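Here's work22.json, which has JSON, C-alpha atoms:
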[["chain", "number", "residue", "atom", "x", "y", "z"],
["A", 1, "MET", "CA", -49.41, -18.91, 23.73],
["A", 2, "GLU", "CA", -49.32, -15.11, 23.74],
["A", 3, "THR", "CA", -46.68, -15.18, 26.50],
["A", 4, "SER", "CA", -44.44, -17.43, 24.39],
["A", 5, "VAL", "CA", -44.78, -15.10, 21.40],
["A", 6, "VAL", "CA", -43.86, -12.10, 23.55],
["A", 7, "ILE", "CA", -40.83, -13.94, 24.94],
["A", 8, "TYR", "CA", -39.65, -14.88, 21.43],
["A", 9, "VAL", "CA", -40.12, -11.31, 20.21],
["A", 10, "LEU", "CA", -38.22, -9.90, 23.17],
["A", 11, "ALA", "CA", -35.43, -12.45, 22.73],
["A", 12, "PHE", "CA", -35.15, -11.61, 19.03],
["A", 13, "ALA", "CA", -35.15, -7.87, 19.78],
["A", 14, "SER", "CA", -32.44, -8.31, 22.43],
["A", 15, "ALA", "CA", -30.27, -10.36, 20.09],
["A", 16, "PHE", "CA", -30.79, -7.85, 17.28],
["A", 17, "LEU", "CA", -29.87, -4.88, 19.49],
["A", 18, "ALA", "CA", -26.83, -6.70, 20.84],
["A", 19, "ALA", "CA", -25.66, -7.53, 17.32],
["A", 20, "GLN", "CA", -26.17, -3.93, 16.20],
["A", 21, "SER", "CA", -24.22, -2.67, 19.21],
["A", 22, "VAL", "CA", -21.31, -5.00, 18.49],
["A", 23, "LEU", "CA", -21.31, -4.07, 14.79],
["A", 24, "GLY", "CA", -21.51, -0.38, 15.61],
["A", 25, "PHE", "CA", -18.67, -0.62, 18.08],
["A", 26, "GLY", "CA", -16.55, -2.58, 15.62],
["A", 27, "GLN", "CA", -17.28, -0.15, 12.80],
["A", 28, "GLY", "CA", -16.42, 2.78, 15.05],
["A", 29, "ALA", "CA", -13.15, 1.15, 16.03],
["A", 30, "VAL", "CA", -12.28, 0.47, 12.39],
["A", 31, "GLU", "CA", -13.22, 4.02, 11.45],
["A", 32, "LYS", "CA", -11.07, 5.43, 14.23],
["A", 33, "THR", "CA", -8.14, 3.28, 13.12],
["A", 34, "ARG", "CA", -8.67, 4.13, 9.47],
["A", 35, "LEU", "CA", -8.97, 7.89, 9.92],
["A", 36, "ASN", "CA", -5.68, 9.26, 8.78],
["A", 37, "ARG", "CA", -2.51, 8.82, 10.77],
["A", 38, "ARG", "CA", -1.55, 12.48, 10.54],
["A", 39, "LEU", "CA", -4.49, 13.47, 12.79],
["A", 40, "ARG", "CA", -3.42, 10.91, 15.39],
["A", 41, "VAL", "CA", 0.18, 12.13, 15.30],
["A", 42, "GLN", "CA", -1.01, 15.74, 15.50],
["A", 43, "GLU", "CA", -2.55, 15.12, 18.93],
["A", 44, "LYS", "CA", 0.89, 14.32, 20.37],
["A", 45, "GLN", "CA", 2.81, 17.27, 18.88],
["A", 46, "ALA", "CA", 3.14, 20.73, 20.37],
["A", 47, "SER", "CA", 3.56, 22.68, 17.13],
["A", 48, "VAL", "CA", 3.23, 22.43, 13.36],
["A", 49, "ALA", "CA", 7.02, 22.23, 13.03],
["A", 50, "ASP", "CA", 7.19, 19.23, 15.37],
["A", 51, "LEU", "CA", 4.32, 17.59, 13.48],
["A", 52, "ILE", "CA", 6.05, 18.00, 10.11],
["A", 53, "ILE", "CA", 9.37, 16.66, 11.45],
["A", 54, "GLU", "CA", 7.69, 13.62, 13.04],
["A", 55, "LEU", "CA", 5.65, 12.78, 9.94],
["A", 56, "ARG", "CA", 8.75, 13.06, 7.77],
["A", 57, "ARG", "CA", 10.77, 10.93, 10.18],
["A", 58, "GLN", "CA", 8.15, 8.18, 10.02],
["A", 59, "ARG", "CA", 8.37, 8.23, 6.22],
["A", 60, "GLY", "CA", 12.16, 7.80, 6.11],
["A", 61, "GLN", "CA", 12.91, 11.51, 5.55],
["A", 62, "ASP", "CA", 14.96, 14.09, 7.41],
["A", 63, "LYS", "CA", 13.51, 17.32, 8.83],
["A", 64, "GLU", "CA", 13.99, 19.06, 5.46],
["A", 65, "GLY", "CA", 11.92, 16.44, 3.63],
["A", 66, "ASN", "CA", 14.88, 14.73, 1.94],
["A", 67, "GLY", "CA", 15.65, 11.02, 2.11],
["A", 68, "ARG", "CA", 17.81, 10.04, 5.07],
["A", 69, "LEU", "CA", 18.60, 6.48, 3.94],
["A", 70, "ALA", "CA", 21.78, 5.73, 2.01],
["A", 71, "VAL", "CA", 20.10, 3.91, -0.89],
["A", 72, "ARG", "CA", 17.87, 6.30, -2.85],
["A", 73, "TRP", "CA", 15.51, 3.76, -4.43],
["A", 74, "PHE", "CA", 14.98, 2.02, -1.08],
["A", 75, "ASN", "CA", 14.27, 5.38, 0.56],
["A", 76, "ASP", "CA", 11.69, 6.17, -2.12],
["A", 77, "LEU", "CA", 10.12, 2.74, -1.64],
["A", 78, "VAL", "CA", 9.81, 3.26, 2.12],
["A", 79, "THR", "CA", 8.25, 6.70, 1.59],
["A", 80, "ARG", "CA", 5.80, 5.41, -1.03],
["A", 81, "SER", "CA", 4.73, 2.48, 1.15],
["A", 82, "GLY", "CA", 3.40, 4.87, 3.81],
["A", 83, "LEU", "CA", 4.62, 2.60, 6.62],
["A", 84, "ALA", "CA", 6.16, 4.06, 9.76],
["A", 85, "TYR", "CA", 9.87, 3.37, 9.34],
["A", 86, "ASP", "CA", 12.13, 2.73, 12.31],
["A", 87, "PRO", "CA", 15.59, 1.35, 11.40],
["A", 88, "VAL", "CA", 15.95, -0.76, 14.56],
["A", 89, "THR", "CA", 12.49, -2.32, 14.27],
["A", 90, "TRP", "CA", 12.89, -3.08, 10.58],
["A", 91, "SER", "CA", 16.36, -4.55, 11.14],
["A", 92, "MET", "CA", 15.01, -6.85, 13.85],
["A", 93, "ILE", "CA", 12.14, -7.97, 11.59],
["A", 94, "ALA", "CA", 14.54, -8.66, 8.71],
["A", 95, "LEU", "CA", 16.83, -10.61, 11.05],
["A", 96, "ALA", "CA", 13.90, -12.68, 12.34],
["A", 97, "VAL", "CA", 12.75, -13.44, 8.78],
["A", 98, "GLY", "CA", 16.27, -14.52, 7.85],
["A", 99, "VAL", "CA", 16.60, -16.80, 10.90],
["A", 100, "VAL", "CA", 13.23, -18.46, 10.22],
["A", 101, "ALA", "CA", 14.09, -18.98, 6.54],
["A", 102, "ALA", "CA", 17.51, -20.40, 7.41],
["A", 103, "ALA", "CA", 16.01, -22.75, 9.99],
["A", 104, "ALA", "CA", 13.34, -23.95, 7.55],
["A", 105, "THR", "CA", 15.95, -24.49, 4.82],
["A", 106, "PHE", "CA", 18.20, -26.49, 7.14],
["A", 107, "TYR", "CA", 15.23, -28.55, 8.36],
["A", 108, "PHE", "CA", 14.25, -29.59, 4.83],
["A", 109, "THR", "CA", 17.70, -29.86, 3.21],
["A", 110, "ALA", "CA", 20.23, -30.31, 6.06],
["A", 111, "ASN", "CA", 22.67, -28.47, 3.79],
["A", 112, "LEU", "CA", 25.00, -26.05, 5.56],
["A", 113, "MET", "CA", 25.98, -24.44, 2.24],
["A", 114, "ILE", "CA", 22.46, -23.43, 1.22],
["A", 115, "THR", "CA", 21.18, -22.48, 4.69],
["A", 116, "PRO", "CA", 23.03, -19.14, 5.17],
["A", 117, "VAL", "CA", 22.35, -18.16, 1.55],
["A", 118, "ALA", "CA", 18.62, -18.76, 2.05],
["A", 119, "GLY", "CA", 18.68, -16.73, 5.28],
["A", 120, "VAL", "CA", 20.43, -13.76, 3.67],
["A", 121, "LEU", "CA", 18.15, -13.80, 0.62],
["A", 122, "ALA", "CA", 15.01, -14.02, 2.75],
["A", 123, "SER", "CA", 16.11, -11.19, 5.07],
["A", 124, "THR", "CA", 16.73, -8.87, 2.10],
["A", 125, "VAL", "CA", 14.30, -9.92, -0.64],
["A", 126, "LEU", "CA", 11.15, -10.55, 1.41],
["A", 127, "PRO", "CA", 11.08, -7.12, 3.18],
["A", 128, "ILE", "CA", 11.65, -5.38, -0.17],
["A", 129, "PHE", "CA", 8.90, -7.47, -1.77],
["A", 130, "PHE", "CA", 6.58, -6.56, 1.12],
["A", 131, "LEU", "CA", 7.37, -2.86, 0.72],
["A", 132, "LYS", "CA", 6.70, -3.08, -3.03],
["A", 133, "MET", "CA", 3.31, -4.68, -2.37],
["A", 134, "LYS", "CA", 2.39, -1.98, 0.15],
["A", 135, "ALA", "CA", 3.56, 0.79, -2.20],
["A", 136, "ALA", "CA", 1.55, -0.64, -5.12],
["A", 137, "ALA", "CA", -1.58, -0.95, -2.96],
["A", 138, "ARG", "CA", -1.10, 2.61, -1.73],
["A", 139, "ASP", "CA", -0.71, 3.88, -5.29],
["A", 140, "ARG", "CA", -4.03, 2.27, -6.21],
["A", 141, "GLN", "CA", -5.74, 3.81, -3.18],
["A", 142, "LEU", "CA", -4.37, 7.25, -4.00],
["A", 143, "GLY", "CA", -5.67, 6.95, -7.55],
["A", 144, "GLU", "CA", -9.10, 5.92, -6.30],
["A", 145, "GLN", "CA", -9.32, 8.69, -3.69],
["A", 146, "LEU", "CA", -7.87, 11.55, -5.73],
["A", 147, "PRO", "CA", -11.04, 12.45, -7.73],
["A", 148, "ASP", "CA", -13.03, 12.83, -4.49],
["A", 149, "ALA", "CA", -10.23, 14.93, -3.00],
["A", 150, "LEU", "CA", -10.19, 17.18, -6.07],
["A", 151, "GLU", "CA", -13.96, 17.64, -5.84],
["A", 152, "ILE", "CA", -13.61, 18.70, -2.19],
["A", 153, "ILE", "CA", -10.98, 21.26, -3.23],
["A", 154, "VAL", "CA", -13.15, 22.52, -6.11],
["A", 155, "ARG", "CA", -16.21, 22.97, -3.89],
["A", 156, "SER", "CA", -14.10, 24.75, -1.28],
["A", 157, "LEU", "CA", -12.63, 27.10, -3.90],
["A", 158, "GLU", "CA", -16.07, 27.83, -5.36],
["A", 159, "ALA", "CA", -17.25, 28.68, -1.84],
["A", 160, "GLY", "CA", -14.56, 31.38, -1.69],
["A", 161, "HIS", "CA", -11.93, 29.64, 0.45],
["A", 162, "PRO", "CA", -8.22, 30.07, -0.37],
["A", 163, "VAL", "CA", -6.26, 27.14, -1.78],
["A", 164, "PRO", "CA", -4.39, 26.28, 1.48],
["A", 165, "THR", "CA", -7.73, 26.01, 3.31],
["A", 166, "ALA", "CA", -9.11, 23.75, 0.58],
["A", 167, "VAL", "CA", -6.04, 21.50, 0.78],
["A", 168, "SER", "CA", -6.23, 21.31, 4.58],
["A", 169, "LEU", "CA", -9.92, 20.38, 4.31],
["A", 170, "VAL", "CA", -8.95, 17.25, 2.37],
["A", 171, "GLY", "CA", -6.43, 16.43, 5.10],
["A", 172, "ARG", "CA", -9.13, 16.64, 7.77],
["A", 173, "GLU", "CA", -12.02, 14.98, 5.97],
["A", 174, "MET", "CA", -10.50, 12.09, 4.04],
["A", 175, "PRO", "CA", -8.93, 8.86, 5.33],
["A", 176, "ASP", "CA", -5.49, 7.53, 4.54],
["A", 177, "PRO", "CA", -3.55, 7.54, 2.37],
["A", 178, "ILE", "CA", -4.68, 10.75, 0.70],
["A", 179, "GLY", "CA", -5.76, 12.41, 3.95],
["A", 180, "SER", "CA", -2.28, 12.24, 5.45],
["A", 181, "GLU", "CA", -0.59, 13.27, 2.19],
["A", 182, "PHE", "CA", -2.71, 16.39, 1.69],
["A", 183, "GLY", "CA", -2.55, 17.10, 5.41],
["A", 184, "MET", "CA", 1.25, 17.10, 5.25],
["A", 185, "ALA", "CA", 1.07, 19.50, 2.29],
["A", 186, "ALA", "CA", -1.24, 21.79, 4.28],
["A", 187, "ASP", "CA", 1.13, 21.66, 7.28],
["A", 188, "GLU", "CA", 4.08, 22.60, 5.06],
["A", 189, "ILE", "CA", 2.13, 25.58, 3.69],
["A", 190, "ALA", "CA", 1.20, 26.65, 7.23],
["A", 191, "TYR", "CA", 4.87, 26.38, 8.23],
["A", 192, "GLY", "CA", 5.95, 28.74, 5.46],
["A", 193, "SER", "CA", 6.36, 26.75, 2.25],
["A", 194, "SER", "CA", 4.73, 28.03, -0.92],
["A", 195, "LEU", "CA", 1.88, 26.15, -2.54],
["A", 196, "GLU", "CA", 4.15, 25.15, -5.43],
["A", 197, "GLU", "CA", 6.78, 23.70, -3.07],
["A", 198, "ALA", "CA", 4.15, 21.81, -1.05],
["A", 199, "VAL", "CA", 2.53, 20.11, -4.05],
["A", 200, "LYS", "CA", 5.96, 19.37, -5.53],
["A", 201, "LYS", "CA", 6.95, 17.52, -2.34],
["A", 202, "LEU", "CA", 3.56, 15.81, -2.34],
["A", 203, "ALA", "CA", 4.27, 14.46, -5.84],
["A", 204, "GLU", "CA", 7.81, 13.43, -4.85],
["A", 205, "ARG", "CA", 6.55, 11.53, -1.79],
["A", 206, "THR", "CA", 3.83, 9.61, -3.60],
["A", 207, "GLN", "CA", 5.36, 9.21, -7.09],
["A", 208, "GLN", "CA", 1.84, 8.46, -8.30],
["A", 209, "PRO", "CA", 1.03, 9.58, -11.87],
["A", 210, "ASP", "CA", -2.37, 11.08, -11.06],
["A", 211, "VAL", "CA", -0.99, 13.00, -8.07],
["A", 212, "GLU", "CA", 1.87, 14.24, -10.24],
["A", 213, "LEU", "CA", -0.73, 15.48, -12.76],
["A", 214, "PHE", "CA", -2.50, 17.37, -9.96],
["A", 215, "ALA", "CA", 0.78, 18.90, -8.78],
["A", 216, "ALA", "CA", 1.66, 19.95, -12.34],
["A", 217, "THR", "CA", -1.78, 21.56, -12.73],
["A", 218, "VAL", "CA", -1.40, 23.58, -9.53],
["A", 219, "ARG", "CA", 2.14, 24.71, -10.41],
["A", 220, "LEU", "CA", 1.07, 25.68, -13.92],
["A", 221, "GLN", "CA", -1.86, 27.74, -12.60],
["A", 222, "ALA", "CA", 0.38, 29.45, -10.04],
["A", 223, "ARG", "CA", 2.77, 30.57, -12.79],
["A", 224, "THR", "CA", 0.34, 31.45, -15.60],
["A", 225, "GLY", "CA", -2.88, 32.32, -13.75],
["A", 226, "GLY", "CA", -6.39, 31.19, -14.58],
["A", 227, "ASN", "CA", -9.32, 29.60, -12.79],
["A", 228, "LEU", "CA", -7.89, 26.82, -10.61],
["A", 229, "ALA", "CA", -11.34, 25.37, -9.84],
["A", 230, "SER", "CA", -12.05, 24.84, -13.55],
["A", 231, "LEU", "CA", -8.64, 23.29, -14.11],
["A", 232, "LEU", "CA", -9.12, 20.90, -11.20],
["A", 233, "LYS", "CA", -12.56, 19.89, -12.53],
["A", 234, "VAL", "CA", -10.91, 18.85, -15.78],
["A", 235, "ASN", "CA", -8.17, 17.17, -13.77],
["A", 236, "ALA", "CA", -10.72, 15.18, -11.76],
["A", 237, "SER", "CA", -12.57, 14.03, -14.89],
["A", 238, "THR", "CA", -9.25, 12.97, -16.46],
["A", 239, "VAL", "CA", -8.30, 10.96, -13.38],
["A", 240, "ARG", "CA", -11.72, 9.28, -13.32],
["A", 241, "ALA", "CA", -11.41, 8.38, -17.01],
["A", 242, "ARG", "CA", -7.97, 6.87, -16.40],
["A", 243, "GLN", "CA", -9.33, 4.94, -13.43],
["A", 244, "LYS", "CA", -12.15, 3.50, -15.57],
["A", 245, "MET", "CA", -9.63, 2.50, -18.23],
["A", 246, "ARG", "CA", -7.50, 0.74, -15.60],
["A", 247, "LEU", "CA", -10.54, -1.21, -14.39],
["A", 248, "LYS", "CA", -11.41, -2.21, -17.97],
["A", 249, "ILE", "CA", -7.86, -3.41, -18.53],
["A", 250, "LYS", "CA", -7.94, -5.32, -15.25],
["A", 251, "ALA", "CA", -11.17, -7.05, -16.31],
["A", 252, "ALA", "CA", -9.77, -7.85, -19.77],
["A", 253, "SER", "CA", -6.58, -9.33, -18.32],
["A", 254, "SER", "CA", -8.30, -11.32, -15.55],
["A", 255, "GLU", "CA", -8.11, -14.55, -17.58],
["A", 256, "GLY", "CA", -4.36, -14.16, -18.02],
["A", 257, "ARG", "CA", -3.84, -13.45, -14.33],
["A", 258, "ALA", "CA", -5.92, -16.49, -13.36],
["A", 259, "SER", "CA", -3.91, -18.67, -15.77],
["A", 260, "ALA", "CA", -0.66, -17.40, -14.29],
["A", 261, "LEU", "CA", -1.84, -18.15, -10.75],
["A", 262, "ILE", "CA", -3.01, -21.67, -11.65],
["A", 263, "LEU", "CA", 0.10, -22.56, -13.66],
["A", 264, "THR", "CA", 2.36, -21.30, -10.87],
["A", 265, "SER", "CA", 0.59, -22.89, -7.91],
["A", 266, "ALA", "CA", -0.45, -26.24, -9.47],
["A", 267, "PRO", "CA", 3.00, -27.94, -9.37],
["A", 268, "PHE", "CA", 3.54, -27.00, -5.72],
["A", 269, "ILE", "CA", 0.04, -28.12, -4.73],
["A", 270, "VAL", "CA", 0.40, -31.47, -6.51],
["A", 271, "MET", "CA", 3.88, -32.10, -5.11],
["A", 272, "GLY", "CA", 2.76, -31.17, -1.59],
["A", 273, "ALA", "CA", -0.33, -33.38, -1.80],
["A", 274, "MET", "CA", 1.71, -36.36, -3.05],
["A", 275, "HIS", "CA", 4.26, -35.84, -0.27],
["A", 276, "MET", "CA", 1.50, -35.77, 2.37],
["A", 277, "LEU", "CA", -0.47, -38.74, 1.01],
["A", 278, "THR", "CA", 2.49, -40.94, 0.07],
["A", 279, "PRO", "CA", 5.62, -39.64, 1.84],
["A", 280, "HIS", "CA", 7.85, -42.30, 0.27],
["A", 281, "PHE", "CA", 6.60, -41.84, -3.28],
["A", 282, "TYR", "CA", 9.83, -40.24, -4.51],
["A", 283, "GLY", "CA", 12.02, -42.53, -2.43],
["A", 284, "SER", "CA", 15.73, -41.78, -2.46],
["A", 285, "VAL", "CA", 15.54, -40.27, -5.95],
["A", 286, "ILE", "CA", 14.67, -36.86, -4.52],
["A", 287, "ASN", "CA", 18.08, -36.72, -2.82],
["A", 288, "GLU", "CA", 20.03, -37.27, -6.03],
["A", 289, "LYS", "CA", 22.07, -34.28, -7.15],
["A", 290, "ILE", "CA", 20.82, -34.39, -10.73],
["A", 291, "VAL", "CA", 17.20, -34.38, -9.53],
["A", 292, "GLN", "CA", 17.83, -31.40, -7.26],
["A", 293, "TYR", "CA", 19.52, -29.53, -10.11],
["A", 294, "GLY", "CA", 16.57, -30.40, -12.34],
["A", 295, "LEU", "CA", 14.10, -29.05, -9.78],
["A", 296, "GLY", "CA", 16.17, -25.90, -9.46],
["A", 297, "GLY", "CA", 16.09, -25.48, -13.23],
["A", 298, "CYS", "CA", 12.32, -25.94, -13.21],
["A", 299, "LEU", "CA", 11.99, -23.18, -10.62],
["A", 300, "VAL", "CA", 14.11, -20.87, -12.77],
["A", 301, "TRP", "CA", 11.97, -21.58, -15.84],
["A", 302, "MET", "CA", 8.81, -21.02, -13.81],
["A", 303, "ALA", "CA", 10.16, -17.66, -12.66],
["A", 304, "ILE", "CA", 10.95, -16.69, -16.26],
["A", 305, "GLY", "CA", 7.47, -17.79, -17.34],
["A", 306, "ASN", "CA", 5.89, -15.70, -14.60],
["A", 307, "LEU", "CA", 7.87, -12.65, -15.69],
["A", 308, "VAL", "CA", 6.73, -13.17, -19.30],
["A", 309, "MET", "CA", 3.09, -13.54, -18.24],
["A", 310, "ARG", "CA", 3.40, -10.47, -16.04],
["A", 311, "LYS", "CA", 4.61, -8.46, -19.03],
["A", 312, "MET", "CA", 1.72, -9.79, -21.10],
["A", 313, "ILE", "CA", -0.96, -8.67, -18.65],
["A", 314, "SER", "CA", 0.63, -5.41, -17.45],
["A", 315, "PHE", "CA", -0.56, -2.25, -19.20],
["A", 316, "LYS", "CA", 0.28, 1.35, -18.36],
["A", 317, "VAL", "CA", -2.48, 3.94, -18.68]]

Once you've parsed the file, please lay out its structure as structure tokens.
Amino acid sequence: METSVVIYVLAFASAFLAAQSVLGFGQGAVEKTRLNRRLRVQEKQASVADLIIELRRQRGQDKEGNGRLAVRWFNDLVTRSGLAYDPVTWSMIALAVGVVAAAATFYFTANLMITPVAGVLASTVLPIFFLKMKAAARDRQLGEQLPDALEIIVRSLEAGHPVPTAVSLVGREMPDPIGSEFGMAADEIAYGSSLEEAVKKLAERTQQPDVELFAATVRLQARTGGNLASLLKVNASTVRARQKMRLKIKAASSEGRASALILTSAPFIVMGAMHMLTPHFYGSVINEKIVQYGLGGCLVWMAIGNLVMRKMISFKV
């Protein structure tokens, strides 16, 4: 009896230790991946100048920090998304998306007029939509991380460190996206830019209201003087208050967002279920021109309704 108990205990302990090892390894791998990209790029560069040029290139900028893409708003979107941008890779992805969309459209409609239009629309609209989603998510992350970054800067300033050292500390200690952004600002200062120029470019890269407020605070202090640590404390409390207000608005508008999701997805779910359960339910009616035009009109009205609901639940703080 005692031997069986010992065996069970040892088996449980072995399983527990194995699980902890796997979890620890996975967490370490995630942490290594999550720790900001600038530090990983830095290991492969010989100098600060090379590091700045490479980071800017990955963000769709030239070596001077200006946009190198022809369309300004698309360049800003690429920079805000934080994704590594390579024209050849992105062109191949867009082409693949267009081919898949065209093939799917031809499979379901067998219409040679609609097929190329669907392919072109998918290859242009879907990548832009993806970039907008990534940029919006990155904006939210920057807003959430900024108060902690400001507190790190304040503590560093109160300890007697200069402002560039405090900014570089954020770049070393915090994960993406704010770690890479502040790290790039610190690299620009180390390469010869002034603090005002570095935070101005930081605000231009992110185009995030809270980061722009931080940049304006630093530039104002550099021109008029004063205690920067005290100003940044007020800045941090303001950002936290705005973040709380955003969360309250998100909670208050959750019912509207849920209604929009249900009203949008329900027709497609019902139609798909009916098509799977009774494939011949619609018969030949679905192929009639007037029915197809009617369905197209319904899609247009649904899109308009979604835009209206989006306006109803979107609030700027």

Fill in: Selection: 9 Å around Val120 of chain A, all atoms listed in the file, excl. self and same-chain fewer than 6 positions, as a list of chain:residue names
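What passes the distance filter is A:Leu95, A:Gly98, A:Val99, A:Ala101, A:Ala102.
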
Write out the residues from the selection above, keeping C-alpha atoms, as a compact mmCIF listing (two decimals), keeping the file's coordinate frame.
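Here's the written file selection-v5.txt:
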# COMPACT_ATOMS: atom_id res chain seq x y z
CA LEU A 95 16.83 -10.61 11.05
CA GLY A 98 16.27 -14.52 7.85
CA VAL A 99 16.60 -16.80 10.90
CA ALA A 101 14.09 -18.98 6.54
CA ALA A 102 17.51 -20.40 7.41

Discussion item. I need the residue nearest Asp176 of chain A from this list: A:Thr206, A:Gln141, A:Asn111, A:Ser91. Use all atoms listed in the file for the distance.
Written reply: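 The shortest atom-to-atom distance to Asp176 of chain A comes from A:Gln141.
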
Practice prompt. Could you check how far atom CA of Met309 of chain A sits from atom CA of Ala251 of chain A, in Å to one decimal?
Written response: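 Atom CA of Ala251 of chain A lies at a distance of 15.8 Å from atom CA of Met309 of chain A.
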
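Nearest residue to Val154 of chain A among A:Thr105, A:Ser237, A:Ser230, A:Ser193 is A:Ser230, counting only C-alpha atoms.
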
Worksheet item: Neighbours of Ala216 of chain A within 12 Å (only C-alpha atoms; same-chain residues fewer than 6 positions away dropped), as an MDAnalysis selection string?
Response: chainID A and resid 195:204 209:210 222:223 228 231:232 235

Worksheet item: Between atom CA of Val100 of chain A and atom CA of Leu112 of chain A, what is the distance, to one decimal in Å?
Response: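 Pair atom CA of Val100 of chain A / atom CA of Leu112 of chain A returns 14.8 Å.
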
Write a file for segment 39-96 of chain A of the given structure; include C-alpha atoms and format it as a CSV table (one decimal), in the first residue's frame.
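Final output, result.csv:
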chain,number,residue,atom,x,y,z
A,39,LEU,CA,17.0,44.9,-29.7
A,40,ARG,CA,16.9,41.9,-32.1
A,41,VAL,CA,17.9,44.1,-35.0
A,42,GLN,CA,20.6,45.8,-33.0
A,43,GLU,CA,22.5,42.5,-32.6
A,44,LYS,CA,23.0,42.4,-36.4
A,45,GLN,CA,24.1,46.0,-36.9
A,46,ALA,CA,27.6,47.3,-36.7
A,47,SER,CA,26.8,50.9,-35.7
A,48,VAL,CA,24.0,53.1,-34.5
A,49,ALA,CA,23.7,54.7,-37.9
A,50,ASP,CA,23.2,51.2,-39.5
A,51,LEU,CA,20.6,50.4,-36.9
A,52,ILE,CA,18.6,53.6,-37.5
A,53,ILE,CA,18.7,53.1,-41.3
A,54,GLU,CA,17.6,49.4,-41.0
A,55,LEU,CA,14.8,50.2,-38.5
A,56,ARG,CA,13.5,53.0,-40.8
A,57,ARG,CA,13.7,50.8,-43.9
A,58,GLN,CA,11.6,48.2,-42.2
A,59,ARG,CA,9.0,50.9,-41.4
A,60,GLY,CA,8.7,52.1,-45.0
A,61,GLN,CA,11.0,55.1,-44.5
A,62,ASP,CA,14.2,56.3,-46.1
A,63,LYS,CA,17.5,56.8,-44.2
A,64,GLU,CA,16.4,60.4,-43.3
A,65,GLY,CA,13.2,59.2,-41.7
A,66,ASN,CA,10.9,60.4,-44.5
A,67,GLY,CA,8.3,58.2,-46.3
A,68,ARG,CA,9.7,56.4,-49.3
A,69,LEU,CA,6.4,55.2,-50.7
A,70,ALA,CA,4.6,57.2,-53.4
A,71,VAL,CA,1.2,57.4,-51.6
A,72,ARG,CA,1.6,59.4,-48.4
A,73,TRP,CA,-1.4,57.9,-46.5
A,74,PHE,CA,-0.4,54.4,-47.3
A,75,ASN,CA,3.2,55.1,-46.2
A,76,ASP,CA,1.8,56.5,-42.9
A,77,LEU,CA,-0.4,53.4,-42.5
A,78,VAL,CA,2.6,51.0,-43.0
A,79,THR,CA,4.7,53.0,-40.5
A,80,ARG,CA,1.9,53.0,-37.9
A,81,SER,CA,1.2,49.3,-38.3
A,82,GLY,CA,4.8,48.5,-37.1
A,83,LEU,CA,5.1,45.6,-39.6
A,84,ALA,CA,8.4,45.0,-41.4
A,85,TYR,CA,7.7,46.3,-44.9
A,86,ASP,CA,9.3,44.7,-47.9
A,87,PRO,CA,7.8,45.8,-51.3
A,88,VAL,CA,8.5,42.4,-53.0
A,89,THR,CA,7.1,40.3,-50.2
A,90,TRP,CA,4.0,42.5,-49.8
A,91,SER,CA,3.4,42.5,-53.6
A,92,MET,CA,3.6,38.7,-53.7
A,93,ILE,CA,1.1,38.4,-50.8
A,94,ALA,CA,-1.3,40.8,-52.4
A,95,LEU,CA,-1.0,38.9,-55.7
A,96,ALA,CA,-1.7,35.6,-53.9
